[in-house]
>>> print(open('query_2.cif').read())   # mmCIF, N, CA and C atoms
data_data
#
loop_
_atom_site.label_atom_id
_atom_site.label_comp_id
_atom_site.auth_asym_id
_atom_site.auth_seq_id
_atom_site.Cartn_x
_atom_site.Cartn_y
_atom_site.Cartn_z
N MET A 1 206.13 89.10 -84.74
CA MET A 1 206.72 90.35 -85.21
C MET A 1 208.20 90.35 -84.86
N PHE A 2 209.04 90.66 -85.81
CA PHE A 2 210.48 90.71 -85.61
C PHE A 2 210.84 92.02 -84.92
N PRO A 3 211.38 91.98 -83.68
CA PRO A 3 211.59 93.19 -82.88
C PRO A 3 212.36 94.32 -83.58
N PRO A 4 213.45 94.04 -84.31
CA PRO A 4 214.11 95.18 -84.97
C PRO A 4 213.19 95.94 -85.92
N LEU A 5 212.23 95.24 -86.51
CA LEU A 5 211.28 95.91 -87.41
C LEU A 5 210.37 96.88 -86.66
N ILE A 6 210.01 96.54 -85.44
CA ILE A 6 209.17 97.43 -84.63
C ILE A 6 209.91 98.74 -84.39
N TYR A 7 211.15 98.61 -83.90
CA TYR A 7 211.95 99.81 -83.63
C TYR A 7 212.21 100.60 -84.92
N ALA A 8 212.62 99.91 -85.98
CA ALA A 8 212.96 100.60 -87.23
C ALA A 8 211.74 101.30 -87.84
N THR A 9 210.61 100.63 -87.81
CA THR A 9 209.40 101.23 -88.38
C THR A 9 208.99 102.48 -87.63
N LEU A 10 208.98 102.40 -86.31
CA LEU A 10 208.56 103.57 -85.53
C LEU A 10 209.59 104.70 -85.62
N PHE A 11 210.88 104.35 -85.70
CA PHE A 11 211.88 105.40 -85.89
C PHE A 11 211.67 106.07 -87.25
N ALA A 12 211.43 105.27 -88.28
CA ALA A 12 211.21 105.83 -89.63
C ALA A 12 209.98 106.73 -89.65
N VAL A 13 208.92 106.32 -88.97
CA VAL A 13 207.71 107.15 -88.90
C VAL A 13 208.03 108.46 -88.17
N GLY A 14 208.76 108.36 -87.06
CA GLY A 14 209.12 109.56 -86.31
C GLY A 14 210.04 110.47 -87.10
N TYR A 15 210.99 109.90 -87.81
CA TYR A 15 211.90 110.72 -88.60
C TYR A 15 211.17 111.36 -89.78
N THR A 16 210.25 110.62 -90.39
CA THR A 16 209.44 111.19 -91.47
C THR A 16 208.59 112.35 -90.94
N ALA A 17 208.00 112.17 -89.77
CA ALA A 17 207.23 113.25 -89.15
C ALA A 17 208.13 114.46 -88.90
N HIS A 18 209.36 114.20 -88.49
CA HIS A 18 210.32 115.29 -88.26
C HIS A 18 210.63 116.04 -89.56
N ARG A 19 210.71 115.32 -90.65
CA ARG A 19 210.99 115.96 -91.95
C ARG A 19 209.80 116.81 -92.41
N ILE A 20 208.60 116.35 -92.08
CA ILE A 20 207.39 117.08 -92.47
C ILE A 20 207.12 118.26 -91.53
N ALA A 21 207.22 118.01 -90.24
CA ALA A 21 206.98 119.03 -89.22
C ALA A 21 208.13 118.99 -88.21
N PRO A 22 209.24 119.65 -88.54
CA PRO A 22 210.44 119.55 -87.69
C PRO A 22 210.18 119.94 -86.24
N MET A 23 210.68 119.08 -85.37
CA MET A 23 210.65 119.37 -83.94
C MET A 23 211.99 118.88 -83.39
N GLN A 24 212.92 119.82 -83.25
CA GLN A 24 214.26 119.48 -82.82
C GLN A 24 214.32 119.29 -81.31
N LEU A 25 215.26 118.45 -80.89
CA LEU A 25 215.51 118.27 -79.47
C LEU A 25 216.28 119.46 -78.91
N PHE A 26 217.24 119.95 -79.68
CA PHE A 26 218.10 121.05 -79.26
C PHE A 26 218.17 122.07 -80.38
N VAL A 27 218.13 123.36 -80.04
CA VAL A 27 218.23 124.41 -81.03
C VAL A 27 219.57 124.32 -81.75
N ASP A 28 220.62 124.13 -80.98
CA ASP A 28 221.96 124.02 -81.55
C ASP A 28 222.68 122.88 -80.82
N PRO A 29 222.56 121.65 -81.32
CA PRO A 29 223.18 120.52 -80.61
C PRO A 29 224.69 120.69 -80.53
N THR A 30 225.21 120.41 -79.37
CA THR A 30 226.65 120.55 -79.15
C THR A 30 227.35 119.24 -79.47
N ALA A 31 228.66 119.30 -79.44
CA ALA A 31 229.45 118.09 -79.65
C ALA A 31 229.15 117.07 -78.55
N ALA A 32 228.82 117.56 -77.35
CA ALA A 32 228.51 116.65 -76.25
C ALA A 32 227.25 115.83 -76.55
N VAL A 33 226.25 116.47 -77.16
CA VAL A 33 225.02 115.76 -77.52
C VAL A 33 225.34 114.66 -78.54
N ARG A 34 226.13 115.02 -79.55
CA ARG A 34 226.52 114.02 -80.55
C ARG A 34 227.34 112.91 -79.92
N LEU A 35 228.22 113.26 -78.99
CA LEU A 35 229.03 112.26 -78.31
C LEU A 35 228.15 111.30 -77.52
N VAL A 36 227.14 111.82 -76.83
CA VAL A 36 226.20 110.97 -76.10
C VAL A 36 225.45 110.06 -77.06
N GLY A 37 225.02 110.61 -78.20
CA GLY A 37 224.33 109.79 -79.21
C GLY A 37 225.20 108.64 -79.68
N TRP A 38 226.45 108.94 -80.03
CA TRP A 38 227.37 107.88 -80.48
C TRP A 38 227.70 106.90 -79.36
N ALA A 39 227.81 107.39 -78.13
CA ALA A 39 228.09 106.51 -77.00
C ALA A 39 226.94 105.53 -76.77
N LEU A 40 225.70 106.02 -76.91
CA LEU A 40 224.55 105.13 -76.77
C LEU A 40 224.53 104.06 -77.86
N VAL A 41 224.85 104.45 -79.09
CA VAL A 41 224.90 103.48 -80.19
C VAL A 41 226.02 102.47 -79.93
N ALA A 42 227.19 102.94 -79.49
CA ALA A 42 228.31 102.02 -79.20
C ALA A 42 227.96 101.07 -78.06
N LEU A 43 227.36 101.59 -77.00
CA LEU A 43 226.94 100.74 -75.88
C LEU A 43 225.94 99.70 -76.35
N ALA A 44 225.02 100.11 -77.19
CA ALA A 44 224.00 99.20 -77.72
C ALA A 44 224.65 98.08 -78.52
N VAL A 45 225.61 98.42 -79.35
CA VAL A 45 226.29 97.40 -80.15
C VAL A 45 227.02 96.42 -79.23
N LEU A 46 227.69 96.94 -78.22
CA LEU A 46 228.41 96.09 -77.26
C LEU A 46 227.46 95.16 -76.52
N VAL A 47 226.38 95.71 -75.98
CA VAL A 47 225.41 94.90 -75.21
C VAL A 47 224.72 93.89 -76.12
N GLY A 48 224.23 94.35 -77.26
CA GLY A 48 223.50 93.47 -78.17
C GLY A 48 224.37 92.37 -78.74
N ALA A 49 225.58 92.71 -79.15
CA ALA A 49 226.49 91.71 -79.72
C ALA A 49 226.92 90.70 -78.66
N SER A 50 227.21 91.17 -77.45
CA SER A 50 227.62 90.22 -76.41
C SER A 50 226.47 89.28 -76.05
N ALA A 51 225.25 89.80 -76.01
CA ALA A 51 224.08 88.96 -75.71
C ALA A 51 223.87 87.92 -76.81
N ALA A 52 223.95 88.35 -78.06
CA ALA A 52 223.77 87.41 -79.18
C ALA A 52 224.89 86.37 -79.19
N LEU A 53 226.11 86.78 -78.90
CA LEU A 53 227.23 85.84 -78.86
C LEU A 53 227.04 84.79 -77.77
N LEU A 54 226.53 85.21 -76.62
CA LEU A 54 226.25 84.25 -75.54
C LEU A 54 225.21 83.22 -75.97
N PHE A 55 224.21 83.65 -76.71
CA PHE A 55 223.22 82.71 -77.23
C PHE A 55 223.89 81.68 -78.15
N LEU A 56 224.72 82.19 -79.05
CA LEU A 56 225.37 81.29 -80.00
C LEU A 56 226.31 80.32 -79.28
N ARG A 57 227.04 80.80 -78.28
CA ARG A 57 227.93 79.92 -77.50
C ARG A 57 227.15 78.86 -76.74
N ALA A 58 225.93 79.20 -76.33
CA ALA A 58 225.08 78.24 -75.60
C ALA A 58 224.40 77.27 -76.55
N GLY A 59 224.59 77.46 -77.86
CA GLY A 59 224.00 76.55 -78.83
C GLY A 59 222.55 76.85 -79.16
N THR A 60 222.13 78.07 -78.89
CA THR A 60 220.75 78.46 -79.21
C THR A 60 220.78 79.68 -80.13
N THR A 61 219.65 80.03 -80.65
CA THR A 61 219.59 81.12 -81.61
C THR A 61 219.14 82.43 -80.95
N PRO A 62 219.72 83.55 -81.37
CA PRO A 62 219.21 84.84 -80.87
C PRO A 62 217.96 85.30 -81.61
N ASP A 63 217.55 84.58 -82.63
CA ASP A 63 216.36 84.94 -83.40
C ASP A 63 215.12 84.54 -82.61
N PRO A 64 214.31 85.53 -82.18
CA PRO A 64 213.15 85.21 -81.35
C PRO A 64 212.06 84.42 -82.08
N ARG A 65 212.19 84.27 -83.38
CA ARG A 65 211.19 83.52 -84.14
C ARG A 65 211.53 82.03 -84.20
N ARG A 66 212.68 81.65 -83.64
CA ARG A 66 213.12 80.26 -83.66
C ARG A 66 213.11 79.67 -82.25
N PRO A 67 213.02 78.36 -82.12
CA PRO A 67 212.99 77.73 -80.79
C PRO A 67 214.27 77.98 -79.99
N THR A 68 214.10 78.17 -78.69
CA THR A 68 215.22 78.36 -77.77
C THR A 68 215.56 77.01 -77.15
N THR A 69 216.85 76.69 -77.13
CA THR A 69 217.27 75.40 -76.60
C THR A 69 218.07 75.52 -75.31
N ALA A 70 218.41 76.75 -74.90
CA ALA A 70 219.19 76.95 -73.68
C ALA A 70 218.75 78.24 -73.00
N LEU A 71 218.84 78.24 -71.70
CA LEU A 71 218.52 79.43 -70.91
C LEU A 71 219.85 80.12 -70.59
N VAL A 72 220.03 81.33 -71.09
CA VAL A 72 221.25 82.09 -70.86
C VAL A 72 220.98 83.11 -69.75
N VAL A 73 221.78 83.02 -68.67
CA VAL A 73 221.53 83.88 -67.51
C VAL A 73 222.78 84.63 -67.05
N HIS A 74 223.83 84.63 -67.84
CA HIS A 74 225.05 85.34 -67.44
C HIS A 74 225.35 86.47 -68.43
N GLY A 75 226.47 87.15 -68.24
CA GLY A 75 226.77 88.31 -69.07
C GLY A 75 225.73 89.39 -68.82
N PRO A 76 225.26 90.07 -69.86
CA PRO A 76 224.27 91.13 -69.65
C PRO A 76 222.93 90.60 -69.14
N TYR A 77 222.72 89.30 -69.26
CA TYR A 77 221.48 88.70 -68.77
C TYR A 77 221.41 88.68 -67.24
N ARG A 78 222.51 89.04 -66.57
CA ARG A 78 222.48 89.17 -65.11
C ARG A 78 221.76 90.45 -64.69
N PHE A 79 221.67 91.43 -65.61
CA PHE A 79 221.11 92.74 -65.29
C PHE A 79 219.76 92.99 -65.94
N THR A 80 219.51 92.35 -67.06
CA THR A 80 218.26 92.53 -67.79
C THR A 80 217.91 91.23 -68.50
N ARG A 81 216.63 90.88 -68.50
CA ARG A 81 216.22 89.67 -69.20
C ARG A 81 216.17 89.88 -70.72
N ASN A 82 216.28 91.13 -71.15
CA ASN A 82 216.13 91.44 -72.57
C ASN A 82 217.23 92.38 -73.07
N PRO A 83 218.49 91.98 -72.97
CA PRO A 83 219.55 92.90 -73.38
C PRO A 83 219.52 93.24 -74.88
N MET A 84 219.06 92.33 -75.71
CA MET A 84 219.01 92.63 -77.15
C MET A 84 217.94 93.68 -77.45
N TYR A 85 216.80 93.61 -76.78
CA TYR A 85 215.75 94.60 -76.99
C TYR A 85 216.14 95.93 -76.35
N LEU A 86 216.83 95.87 -75.23
CA LEU A 86 217.36 97.07 -74.61
C LEU A 86 218.37 97.72 -75.56
N ALA A 87 219.22 96.92 -76.18
CA ALA A 87 220.20 97.45 -77.14
C ALA A 87 219.51 98.15 -78.30
N LEU A 88 218.44 97.56 -78.80
CA LEU A 88 217.69 98.21 -79.89
C LEU A 88 217.12 99.55 -79.44
N ALA A 89 216.64 99.61 -78.21
CA ALA A 89 216.10 100.88 -77.69
C ALA A 89 217.22 101.91 -77.53
N LEU A 90 218.42 101.47 -77.13
CA LEU A 90 219.54 102.40 -77.00
C LEU A 90 219.99 102.92 -78.36
N VAL A 91 219.99 102.06 -79.37
CA VAL A 91 220.31 102.52 -80.73
C VAL A 91 219.29 103.56 -81.17
N TYR A 92 218.04 103.28 -80.94
CA TYR A 92 216.94 104.19 -81.29
C TYR A 92 217.16 105.55 -80.63
N LEU A 93 217.43 105.53 -79.33
CA LEU A 93 217.64 106.76 -78.58
C LEU A 93 218.87 107.50 -79.09
N GLY A 94 219.96 106.78 -79.30
CA GLY A 94 221.18 107.40 -79.80
C GLY A 94 220.98 108.03 -81.16
N LEU A 95 220.27 107.35 -82.04
CA LEU A 95 220.01 107.90 -83.38
C LEU A 95 219.12 109.15 -83.30
N ALA A 96 218.15 109.14 -82.40
CA ALA A 96 217.30 110.32 -82.23
C ALA A 96 218.15 111.53 -81.82
N LEU A 97 219.12 111.31 -80.93
CA LEU A 97 220.01 112.40 -80.55
C LEU A 97 220.87 112.83 -81.74
N LEU A 98 221.39 111.87 -82.49
CA LEU A 98 222.26 112.19 -83.62
C LEU A 98 221.55 112.97 -84.72
N VAL A 99 220.29 112.67 -84.96
CA VAL A 99 219.54 113.41 -85.99
C VAL A 99 218.80 114.60 -85.40
N ASN A 100 218.90 114.77 -84.07
CA ASN A 100 218.30 115.91 -83.38
C ASN A 100 216.80 116.03 -83.67
N ALA A 101 216.11 114.90 -83.52
CA ALA A 101 214.68 114.86 -83.84
C ALA A 101 213.88 114.38 -82.63
N ALA A 102 212.87 115.15 -82.26
CA ALA A 102 212.03 114.79 -81.11
C ALA A 102 210.96 113.77 -81.46
N TRP A 103 210.45 113.80 -82.71
CA TRP A 103 209.35 112.89 -83.07
C TRP A 103 209.69 111.42 -82.81
N PRO A 104 210.88 110.95 -83.16
CA PRO A 104 211.18 109.54 -82.83
C PRO A 104 211.09 109.28 -81.32
N LEU A 105 211.51 110.25 -80.51
CA LEU A 105 211.43 110.05 -79.05
C LEU A 105 209.99 109.97 -78.57
N VAL A 106 209.11 110.70 -79.22
CA VAL A 106 207.68 110.64 -78.88
C VAL A 106 207.16 109.22 -79.12
N LEU A 107 207.71 108.56 -80.14
CA LEU A 107 207.24 107.21 -80.49
C LEU A 107 208.00 106.09 -79.79
N LEU A 108 209.11 106.41 -79.10
CA LEU A 108 209.86 105.35 -78.41
C LEU A 108 209.01 104.61 -77.38
N PRO A 109 208.20 105.27 -76.55
CA PRO A 109 207.35 104.51 -75.62
C PRO A 109 206.39 103.56 -76.35
N VAL A 110 205.93 103.95 -77.51
CA VAL A 110 205.05 103.08 -78.30
C VAL A 110 205.84 101.84 -78.73
N ALA A 111 207.07 102.04 -79.19
CA ALA A 111 207.90 100.90 -79.59
C ALA A 111 208.13 99.96 -78.42
N LEU A 112 208.45 100.52 -77.26
CA LEU A 112 208.70 99.69 -76.07
C LEU A 112 207.44 98.92 -75.67
N MET A 113 206.28 99.58 -75.74
CA MET A 113 205.03 98.91 -75.39
C MET A 113 204.73 97.77 -76.37
N LEU A 114 204.93 98.02 -77.66
CA LEU A 114 204.67 96.98 -78.66
C LEU A 114 205.62 95.80 -78.49
N VAL A 115 206.89 96.07 -78.22
CA VAL A 115 207.85 94.99 -77.99
C VAL A 115 207.45 94.19 -76.76
N GLU A 116 207.04 94.89 -75.71
CA GLU A 116 206.61 94.18 -74.50
C GLU A 116 205.40 93.30 -74.75
N ARG A 117 204.39 93.85 -75.43
CA ARG A 117 203.14 93.10 -75.63
C ARG A 117 203.24 92.04 -76.71
N TRP A 118 203.83 92.38 -77.85
CA TRP A 118 203.85 91.47 -78.99
C TRP A 118 204.98 90.46 -78.95
N VAL A 119 206.06 90.81 -78.25
CA VAL A 119 207.24 89.94 -78.29
C VAL A 119 207.56 89.37 -76.91
N ILE A 120 207.87 90.25 -75.97
CA ILE A 120 208.36 89.79 -74.67
C ILE A 120 207.32 88.95 -73.93
N ALA A 121 206.07 89.36 -73.91
CA ALA A 121 205.04 88.59 -73.20
C ALA A 121 204.95 87.17 -73.76
N ARG A 122 205.00 87.04 -75.08
CA ARG A 122 204.94 85.72 -75.70
C ARG A 122 206.20 84.92 -75.41
N GLU A 123 207.35 85.59 -75.47
CA GLU A 123 208.61 84.90 -75.17
C GLU A 123 208.63 84.39 -73.75
N GLU A 124 208.18 85.23 -72.81
CA GLU A 124 208.21 84.81 -71.41
C GLU A 124 207.29 83.62 -71.16
N ALA A 125 206.13 83.62 -71.77
CA ALA A 125 205.23 82.46 -71.63
C ALA A 125 205.89 81.22 -72.22
N TYR A 126 206.53 81.36 -73.37
CA TYR A 126 207.22 80.23 -74.01
C TYR A 126 208.37 79.74 -73.12
N LEU A 127 209.17 80.66 -72.59
CA LEU A 127 210.31 80.27 -71.76
C LEU A 127 209.86 79.59 -70.47
N GLU A 128 208.73 80.01 -69.91
CA GLU A 128 208.20 79.33 -68.72
C GLU A 128 207.79 77.90 -69.05
N ARG A 129 207.18 77.72 -70.21
CA ARG A 129 206.81 76.35 -70.62
C ARG A 129 208.07 75.52 -70.91
N GLN A 130 209.04 76.12 -71.54
CA GLN A 130 210.25 75.42 -71.97
C GLN A 130 211.18 75.08 -70.80
N PHE A 131 211.37 76.03 -69.86
CA PHE A 131 212.37 75.85 -68.81
C PHE A 131 211.80 75.81 -67.40
N GLY A 132 210.49 76.00 -67.27
CA GLY A 132 209.80 75.83 -65.98
C GLY A 132 210.37 76.65 -64.84
N ASP A 133 210.66 75.96 -63.73
CA ASP A 133 211.11 76.62 -62.51
C ASP A 133 212.43 77.37 -62.70
N ALA A 134 213.31 76.87 -63.53
CA ALA A 134 214.58 77.56 -63.76
C ALA A 134 214.33 78.96 -64.33
N TYR A 135 213.40 79.06 -65.27
CA TYR A 135 213.10 80.38 -65.84
C TYR A 135 212.36 81.24 -64.83
N ARG A 136 211.43 80.66 -64.10
CA ARG A 136 210.68 81.45 -63.10
C ARG A 136 211.63 82.01 -62.04
N ALA A 137 212.62 81.23 -61.62
CA ALA A 137 213.60 81.71 -60.64
C ALA A 137 214.44 82.85 -61.24
N TYR A 138 214.85 82.68 -62.48
CA TYR A 138 215.60 83.73 -63.17
C TYR A 138 214.76 85.00 -63.28
N LYS A 139 213.51 84.84 -63.67
CA LYS A 139 212.59 85.96 -63.83
C LYS A 139 212.37 86.69 -62.49
N ALA A 140 212.39 85.95 -61.40
CA ALA A 140 212.18 86.55 -60.08
C ALA A 140 213.38 87.39 -59.64
N ARG A 141 214.58 87.06 -60.13
CA ARG A 141 215.76 87.79 -59.66
C ARG A 141 216.30 88.82 -60.65
N VAL A 142 215.86 88.80 -61.90
CA VAL A 142 216.37 89.75 -62.90
C VAL A 142 215.20 90.52 -63.51
N ARG A 143 215.34 91.82 -63.58
CA ARG A 143 214.27 92.67 -64.11
C ARG A 143 214.14 92.52 -65.62
N ARG A 144 212.98 92.87 -66.12
CA ARG A 144 212.70 92.75 -67.56
C ARG A 144 213.60 93.69 -68.36
N TRP A 145 213.71 94.95 -67.97
CA TRP A 145 214.52 95.91 -68.72
C TRP A 145 215.81 96.22 -67.99
N LEU A 146 215.75 96.88 -66.88
CA LEU A 146 216.95 97.21 -66.07
C LEU A 146 216.62 97.21 -64.61
#
>>> encode(input="query_2.cif", output="structure tokens")
Amino acid sequence: MFPPLIYATLFAVGYTAHRIAPMQLFVDPTAAVRLVGWALVALAVLVGASAALLFLRAGTTPDPRRPTTALVVHGPYRFTRNPMYLALALVYLGLALLVNAAWPLVLLPVALMLVERWVIAREEAYLERQFGDAYRAYKARVRRWL
């Protein structure tokens, strides 16, 4: 399963539910709420793009459906083993604030669980086979999300 599709599908379901049965986060969202939403989207773009760029510089692909040829452990990977998936979650959260819809937030834990089970668990098993002790040491010192 392609991770952006998991987030996009669940956001679309949540937003559709919001259109059918509106459940706003705020009665009257302020400029501060919108600013936080845009800040989360901007942070997500920065984190996700820097993580993908590090993969490309290391000569490997950021596409989780393709083989990994290098273990990247610097940049945002010093703080989280999954900065690209974290970035997708931040975009999701920022967009929920921007559209002032609670339903997508109700589904965010489902998206995170599906990404963990369908994507991250498989990736981690693959990376352990591919990089052995180097990956296990990295996994021991860096958290999965934050």
>>> closest_residue(input="query_2.cif", among="A:Leu43, A:Val33, A:Pro22, A:Glu128", to="A:Leu86", atoms="only N, CA and C atoms")
A:Leu43
>>> atom_distance(input="query_2.cif", atom1="atom C of A:Gly94", atom2="atom CA of A:Val115")
18.8 Å
>>> closest_residue(input="query_2.cif", among="A:Tyr135, A:Trp118, A:Tyr15, A:Trp145", to="A:Leu88", atoms="only C-alpha atoms")
A:Trp145
>>> resolve_selection(input="query_2.cif", expression="the PyMOL selection byres (((chain A and resi 11 and name CA) around 10) and name CA)", output="mmCIF file with N, CA and C atoms, in the frame of the given file")
data_model
loop_
_atom_site.group_PDB
_atom_site.id
_atom_site.type_symbol
_atom_site.label_atom_id
_atom_site.label_comp_id
_atom_site.auth_asym_id
_atom_site.auth_seq_id
_atom_site.Cartn_x
_atom_site.Cartn_y
_atom_site.Cartn_z
ATOM 1 N N LEU A 5 212.230 95.240 -86.510
ATOM 2 C CA LEU A 5 211.280 95.910 -87.410
ATOM 3 C C LEU A 5 210.370 96.880 -86.660
ATOM 4 N N ILE A 6 210.010 96.540 -85.440
ATOM 5 C CA ILE A 6 209.170 97.430 -84.630
ATOM 6 C C ILE A 6 209.910 98.740 -84.390
ATOM 7 N N TYR A 7 211.150 98.610 -83.900
ATOM 8 C CA TYR A 7 211.950 99.810 -83.630
ATOM 9 C C TYR A 7 212.210 100.600 -84.920
ATOM 10 N N ALA A 8 212.620 99.910 -85.980
ATOM 11 C CA ALA A 8 212.960 100.600 -87.230
ATOM 12 C C ALA A 8 211.740 101.300 -87.840
ATOM 13 N N THR A 9 210.610 100.630 -87.810
ATOM 14 C CA THR A 9 209.400 101.230 -88.380
ATOM 15 C C THR A 9 208.990 102.480 -87.630
ATOM 16 N N LEU A 10 208.980 102.400 -86.310
ATOM 17 C CA LEU A 10 208.560 103.570 -85.530
ATOM 18 C C LEU A 10 209.590 104.700 -85.620
ATOM 19 N N ALA A 12 211.430 105.270 -88.280
ATOM 20 C CA ALA A 12 211.210 105.830 -89.630
ATOM 21 C C ALA A 12 209.980 106.730 -89.650
ATOM 22 N N VAL A 13 208.920 106.320 -88.970
ATOM 23 C CA VAL A 13 207.710 107.150 -88.900
ATOM 24 C C VAL A 13 208.030 108.460 -88.170
ATOM 25 N N GLY A 14 208.760 108.360 -87.060
ATOM 26 C CA GLY A 14 209.120 109.560 -86.310
ATOM 27 C C GLY A 14 210.040 110.470 -87.100
ATOM 28 N N TYR A 15 210.990 109.900 -87.810
ATOM 29 C CA TYR A 15 211.900 110.720 -88.600
ATOM 30 C C TYR A 15 211.170 111.360 -89.780
ATOM 31 N N THR A 16 210.250 110.620 -90.390
ATOM 32 C CA THR A 16 209.440 111.190 -91.470
ATOM 33 C C THR A 16 208.590 112.350 -90.940
ATOM 34 N N ALA A 17 208.000 112.170 -89.770
ATOM 35 C CA ALA A 17 207.230 113.250 -89.150
ATOM 36 C C ALA A 17 208.130 114.460 -88.900
ATOM 37 N N TYR A 92 218.040 103.280 -80.940
ATOM 38 C CA TYR A 92 216.940 104.190 -81.290
ATOM 39 C C TYR A 92 217.160 105.550 -80.630
ATOM 40 N N LEU A 93 217.430 105.530 -79.330
ATOM 41 C CA LEU A 93 217.640 106.760 -78.580
ATOM 42 C C LEU A 93 218.870 107.500 -79.090
ATOM 43 N N LEU A 95 220.270 107.350 -82.040
ATOM 44 C CA LEU A 95 220.010 107.900 -83.380
ATOM 45 C C LEU A 95 219.120 109.150 -83.300
ATOM 46 N N ALA A 96 218.150 109.140 -82.400
ATOM 47 C CA ALA A 96 217.300 110.320 -82.230
ATOM 48 C C ALA A 96 218.150 111.530 -81.820
ATOM 49 N N TRP A 103 210.450 113.800 -82.710
ATOM 50 C CA TRP A 103 209.350 112.890 -83.070
ATOM 51 C C TRP A 103 209.690 111.420 -82.810
ATOM 52 N N PRO A 104 210.880 110.950 -83.160
ATOM 53 C CA PRO A 104 211.180 109.540 -82.830
ATOM 54 C C PRO A 104 211.090 109.280 -81.320
ATOM 55 N N LEU A 105 211.510 110.250 -80.510
ATOM 56 C CA LEU A 105 211.430 110.050 -79.050
ATOM 57 C C LEU A 105 209.990 109.970 -78.570
ATOM 58 N N VAL A 106 209.110 110.700 -79.220
ATOM 59 C CA VAL A 106 207.680 110.640 -78.880
ATOM 60 C C VAL A 106 207.160 109.220 -79.120
ATOM 61 N N LEU A 107 207.710 108.560 -80.140
ATOM 62 C CA LEU A 107 207.240 107.210 -80.490
ATOM 63 C C LEU A 107 208.000 106.090 -79.790
ATOM 64 N N LEU A 108 209.110 106.410 -79.100
ATOM 65 C CA LEU A 108 209.860 105.350 -78.410
ATOM 66 C C LEU A 108 209.010 104.610 -77.380
ATOM 67 N N ALA A 111 207.070 102.040 -79.190
ATOM 68 C CA ALA A 111 207.900 100.900 -79.590
ATOM 69 C C ALA A 111 208.130 99.960 -78.420
#
>>> atom_distance(input="query_2.cif", atom1="atom CA of A:Leu112", atom2="atom CA of A:Gly132")
25.9 Å
>>> select_by_dssp(input="query_2.cif", residues="stretch 28-144 of chain A", states="helix (DSSP H, G or I)", output="ChimeraX atom specification")
/A:31-57,75-78,83-99,102-131,133-141
>>> closest_residue(input="query_2.cif", among="A:Pro67, A:Ala102, A:Gly48, A:Leu54", to="A:Ala21", atoms="only C-alpha atoms")
A:Ala102
>>> closest_residue(input="query_2.cif", among="A:Ala89, A:Ala32, A:Met84, A:Leu53", to="A:Met113", atoms="only C-alpha atoms")
A:Ala89
>>> axis_aligned_box(input="query_2.cif", around="stretch 96-107 of chain A", padding_each_side="5 Å", output="lines of an AutoDock Vina configuration file")
center_x = 214.7
center_y = 111.1
center_z = -82.3
size_x = 25.1
size_y = 19.9
size_z = 17.4
>>> closest_residue(input="query_2.cif", among="A:Val41, A:Leu35, A:Ala58, A:Val47", to="A:Tyr85", atoms="only N, CA and C atoms")
A:Val47
>>> closest_residue(input="query_2.cif", among="A:Leu71, A:Met23, A:Leu56, A:Ala39", to="A:Leu127", atoms="only C-alpha atoms")
A:Leu71
>>> atom_distance(input="query_2.cif", atom1="atom CA of A:Ala52", atom2="atom CA of A:Val36")
23.9 Å
>>> build_atoms(input="query_2.cif", residues="stretch 32-40 of chain A", atoms="N, CA, C and O atoms", output="PDB file, in the frame of the given file")
ATOM      1  N   ALA A  32     228.820 117.560 -77.350  1.00  0.00           N
ATOM      2  CA  ALA A  32     228.510 116.650 -76.250  1.00  0.00           C
ATOM      3  C   ALA A  32     227.250 115.830 -76.550  1.00  0.00           C
ATOM      4  O   ALA A  32     227.192 114.643 -76.237  1.00  0.00           O
ATOM      5  N   VAL A  33     226.250 116.470 -77.160  1.00  0.00           N
ATOM      6  CA  VAL A  33     225.020 115.760 -77.520  1.00  0.00           C
ATOM      7  C   VAL A  33     225.340 114.660 -78.540  1.00  0.00           C
ATOM      8  O   VAL A  33     224.877 113.529 -78.423  1.00  0.00           O
ATOM      9  N   ARG A  34     226.130 115.020 -79.550  1.00  0.00           N
ATOM     10  CA  ARG A  34     226.520 114.020 -80.550  1.00  0.00           C
ATOM     11  C   ARG A  34     227.340 112.910 -79.920  1.00  0.00           C
ATOM     12  O   ARG A  34     227.177 111.733 -80.252  1.00  0.00           O
ATOM     13  N   LEU A  35     228.220 113.260 -78.990  1.00  0.00           N
ATOM     14  CA  LEU A  35     229.030 112.260 -78.310  1.00  0.00           C
ATOM     15  C   LEU A  35     228.150 111.300 -77.520  1.00  0.00           C
ATOM     16  O   LEU A  35     228.352 110.080 -77.550  1.00  0.00           O
ATOM     17  N   VAL A  36     227.140 111.820 -76.830  1.00  0.00           N
ATOM     18  CA  VAL A  36     226.200 110.970 -76.100  1.00  0.00           C
ATOM     19  C   VAL A  36     225.450 110.060 -77.060  1.00  0.00           C
ATOM     20  O   VAL A  36     225.264 108.870 -76.804  1.00  0.00           O
ATOM     21  N   GLY A  37     225.020 110.610 -78.200  1.00  0.00           N
ATOM     22  CA  GLY A  37     224.330 109.790 -79.210  1.00  0.00           C
ATOM     23  C   GLY A  37     225.200 108.640 -79.680  1.00  0.00           C
ATOM     24  O   GLY A  37     224.767 107.485 -79.715  1.00  0.00           O
ATOM     25  N   TRP A  38     226.450 108.940 -80.030  1.00  0.00           N
ATOM     26  CA  TRP A  38     227.370 107.880 -80.480  1.00  0.00           C
ATOM     27  C   TRP A  38     227.700 106.900 -79.360  1.00  0.00           C
ATOM     28  O   TRP A  38     227.812 105.686 -79.607  1.00  0.00           O
ATOM     29  N   ALA A  39     227.810 107.390 -78.130  1.00  0.00           N
ATOM     30  CA  ALA A  39     228.090 106.510 -77.000  1.00  0.00           C
ATOM     31  C   ALA A  39     226.940 105.530 -76.770  1.00  0.00           C
ATOM     32  O   ALA A  39     227.164 104.344 -76.483  1.00  0.00           O
ATOM     33  N   LEU A  40     225.700 106.020 -76.910  1.00  0.00           N
ATOM     34  CA  LEU A  40     224.550 105.130 -76.770  1.00  0.00           C
ATOM     35  C   LEU A  40     224.530 104.060 -77.860  1.00  0.00           C
ATOM     36  O   LEU A  40     224.261 102.886 -77.581  1.00  0.00           O
TER      37      LEU A  40
END
